[in-house]
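Enquirer: Quick one: this structure, given as structure tokens, is what I'll be asking you about.
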Amino acid sequence: GDSVTQMEGPVTLSEEAFLTINCTYTATGYPSLFWYVQYPGEGLQLLLKATKADDKGSNKGFEATYRKETTSFHLEKGSVQVSDSAVYFCALSQAGTALIFGKGTTLSVSS
Amino acid sequence: EPEVTQTPSHQVTQMGQEVILRCVPISNHLYFYWYRQILGQKVEFLVSFYNNEISEKSEIFDDQFSVERPDGSNFTLKIRSTKLEDSAMYFCASSVLQGAYGYTFGSGTRLTVV
């Protein structure tokens with residue numbers, strides 16, 4: 001079945017460092033891909049999405065590009081802030097059906 | 001901004017007891033979902049609900065689980081006889097349209113079965 005694999009955390013960075021969180025997927029067909037973020041004590045929030053190959057999703061300085069050839073959707077940010085500390089989930093969905101999530105990666109940014 | 005509200009935020013129950021987790025979806029949303037996350041594991045889909053019936057469910061959602069929209073406002077998940085392995089964070093979500101594009105998630109209920 002379809003699945004999502006994320007890099008293991010936690011990821012610990014200093015403020016203004018470059019962030020990459022790796023995500024790869026296994027799926028039949030052409031799923032939509034998502035990054036969700038969970039800040040401490042809050043629910044899951046959609047951070048960005050991409051619905052077809054080579055699409056780039058972006059939001060709040062975060063970017064991810066849908067790479068069909070490598071089945072990847074890596075999350076990047078050029079300069080992280082302390083307020084970016086959260087758990088980040090990669091997810092996919094086929095044709096509007098249920099989301100399939102990765103395990104989540106905890107990001108901790110220190111000043 | 002509209003929110004999905006879940007109560008309680010944390011519930012402790014004895015093994016074998018029934019629990020009901022409550023959610024208030026966004027008022028104009030039509031599709032409702034339950035997900036769960038066992039500590040350290042993936043967020044897993046349990047069930048989706050539309051027009052007062054289950055539209056999709058996973059293998060996890062067995063006869064011990066049920067969902068209901070009792071009053072047009074609340075959306076509940078019932079576990080009839082809890083097991084230790086039901087301990088997890090349970091997330092409710094709602095959306096206007098079917099599918100992943102417009103999900104709004106609640107903050108979750110942490111269920112601990114002892």
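Chain lettering (A, B, ...) mirrors the order of the structure tokens, residue numbering begins at 1 for each chain separately, and ligand numbering begins at 1 in order of display.
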Which residues come within 12 Å of A:Gly61, counting only C-alpha atoms, excluding same-chain residues fewer than 6 positions away, as a list in words?

Expert: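 So, after excluding close chain neighbours, the residues are Glu16, Phe18, Leu19, Leu47, Leu48, Leu75, Glu76, Lys77, Gly78, Ser79, Val80, Gln81 and Asp84 of chain A.
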
Enquirer: Within 8 Å of stretch 26-30 of chain A, counting only C-alpha atoms, which residues show up once you throw out same-chain ones fewer than 4 positions away? Write them as a PyMOL selection string, please.

Expert: chain A and resi 1-4+52+71+94

Enquirer: Take the residues that were just selected and, keeping C-alpha atoms, output them as a PDB file, in the first residue's frame.

Expert:
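Written file, result09.pdb:
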ATOM      1  CA  GLY A   1       0.000   0.000   0.000  1.00  0.00           C
ATOM      2  CA  ASP A   2       0.890   3.662  -0.123  1.00  0.00           C
ATOM      3  CA  SER A   3       3.324   4.962   2.490  1.00  0.00           C
ATOM      4  CA  VAL A   4       5.385   7.972   3.538  1.00  0.00           C
ATOM      5  CA  LYS A  52       1.369  17.208  -9.446  1.00  0.00           C
ATOM      6  CA  THR A  71       9.435  10.094  -5.232  1.00  0.00           C
ATOM      7  CA  GLN A  94      -4.802   9.687  -3.546  1.00  0.00           C
TER       8      GLN A  94
END

Enquirer: Chain A near chain B within 12 Å: what's each residue's closest atom pair and its distance in Å to one decimal, counting only C-alpha atoms, ordered by chain then ascending residue number, as a Markdown table?

Expert:
| residue | atom | partner | partner_atom | distance |
| --- | --- | --- | --- | --- |
| A:Ser3 | CA | B:Lys42 | CA | 10.3 |
| A:Val4 | CA | B:Lys42 | CA | 9.3 |
| A:Thr5 | CA | B:Lys42 | CA | 9.7 |
| A:Gln6 | CA | B:Lys42 | CA | 10.1 |
| A:Glu8 | CA | B:Gly40 | CA | 10.6 |
| A:Gly9 | CA | B:Gly40 | CA | 10.7 |
| A:Pro10 | CA | B:Gly40 | CA | 11.7 |
| A:Pro31 | CA | B:Ala100 | CA | 10.8 |
| A:Ser32 | CA | B:Ala100 | CA | 8.6 |
| A:Leu33 | CA | B:Ala100 | CA | 9.5 |
| A:Phe34 | CA | B:Ala100 | CA | 8.8 |
| A:Trp35 | CA | B:Ala100 | CA | 11.4 |
| A:Tyr36 | CA | B:Phe105 | CA | 10.2 |
| A:Val37 | CA | B:Phe105 | CA | 10.8 |
| A:Gln38 | CA | B:Ser107 | CA | 8.8 |
| A:Tyr39 | CA | B:Ser107 | CA | 9.7 |
| A:Pro40 | CA | B:Ser107 | CA | 9.5 |
| A:Gly41 | CA | B:Ser107 | CA | 6.7 |
| A:Glu42 | CA | B:Ser107 | CA | 4.7 |
| A:Gly43 | CA | B:Ser107 | CA | 3.6 |
| A:Leu44 | CA | B:Phe105 | CA | 5.4 |
| A:Gln45 | CA | B:Phe105 | CA | 6.8 |
| A:Leu46 | CA | B:Tyr103 | CA | 7.8 |
| A:Leu47 | CA | B:Tyr101 | CA | 11.3 |
| A:Leu48 | CA | B:Tyr101 | CA | 10.1 |
| A:Lys49 | CA | B:Tyr101 | CA | 8.4 |
| A:Ala50 | CA | B:Tyr101 | CA | 10.1 |
| A:Thr51 | CA | B:Tyr101 | CA | 9.7 |
| A:Val87 | CA | B:Gly40 | CA | 11.7 |
| A:Tyr88 | CA | B:Val43 | CA | 11.6 |
| A:Phe89 | CA | B:Val43 | CA | 8.7 |
| A:Cys90 | CA | B:Val43 | CA | 10.2 |
| A:Ala91 | CA | B:Val43 | CA | 9.4 |
| A:Leu92 | CA | B:Ala100 | CA | 8.6 |
| A:Ser93 | CA | B:Ala100 | CA | 6.6 |
| A:Gln94 | CA | B:Gly99 | CA | 8.7 |
| A:Ala95 | CA | B:Gly99 | CA | 7.6 |
| A:Gly96 | CA | B:Gly99 | CA | 3.8 |
| A:Thr97 | CA | B:Gly99 | CA | 5.0 |
| A:Ala98 | CA | B:Gly99 | CA | 6.3 |
| A:Leu99 | CA | B:Ala100 | CA | 6.2 |
| A:Ile100 | CA | B:Glu44 | CA | 6.9 |
| A:Phe101 | CA | B:Val43 | CA | 5.5 |
| A:Gly102 | CA | B:Lys42 | CA | 5.6 |
| A:Lys103 | CA | B:Lys42 | CA | 4.0 |
| A:Gly104 | CA | B:Lys42 | CA | 7.1 |
| A:Thr105 | CA | B:Gly40 | CA | 10.1 |
| A:Thr106 | CA | B:Gly40 | CA | 10.9 |

Enquirer: Would you kindly return, as an MDAnalysis selection string, each protein, DNA or RNA residue with an atom no farther than 6 Å from any atom of B:His10, considering only C-alpha atoms and excluding same-chain residues fewer than 2 positions away?

Expert: chainID B and resid 8 109:111

Enquirer: Go ahead and save the picked residues with C-alpha atoms, as a PDB file, in the first residue's frame.

Expert:
ATOM      1  CA  PRO B   8     -11.271  16.466  26.715  1.00  0.00           C
ATOM      2  CA  THR B 109      -7.350  14.193  22.800  1.00  0.00           C
ATOM      3  CA  ARG B 110      -4.660  12.182  24.514  1.00  0.00           C
ATOM      4  CA  LEU B 111      -6.208   8.898  25.635  1.00  0.00           C
TER       5      LEU B 111
END

Enquirer: Please indicate the distance in Å from atom CA of B:Gly16 to atom CA of B:Glu59, rounded to one decimal place.

Expert: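 Atom-to-atom, atom CA of B:Gly16 and atom CA of B:Glu59 are spaced 20.6 Å apart.
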
Enquirer: DSSP on the backbone, strand (DSSP E) only: what residues of chain B does that give? Format it as an MDAnalysis selection string.

Expert: chainID B and resid 5:7 10:13 19:24 31:37 43:50 53:57 65:68 75:79 88:95 104:105 109:113

Enquirer: For B:Glu68, find every residue with an atom within 7 Å (counting only C-alpha atoms), except residues of its own chain fewer than 3 positions away, and show them as a PyMOL selection string.

Expert: chain B and resi 75-77

Enquirer: Taking into account only C-alpha atoms, which residue in the set B:Met15, B:Glu85, B:Ser27, B:Ser55 is nearest to B:Gly72?

Expert: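 Of B:Met15, B:Glu85, B:Ser27, B:Ser55, the one nearest B:Gly72 is B:Ser27, counting only C-alpha atoms.
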
Enquirer: Counting only C-alpha atoms, figure out which residue out of B:Val12, B:Leu21, B:Val114, B:Leu30 gets nearest to B:Glu53.

Expert: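 Nearest to B:Glu53: B:Leu30.
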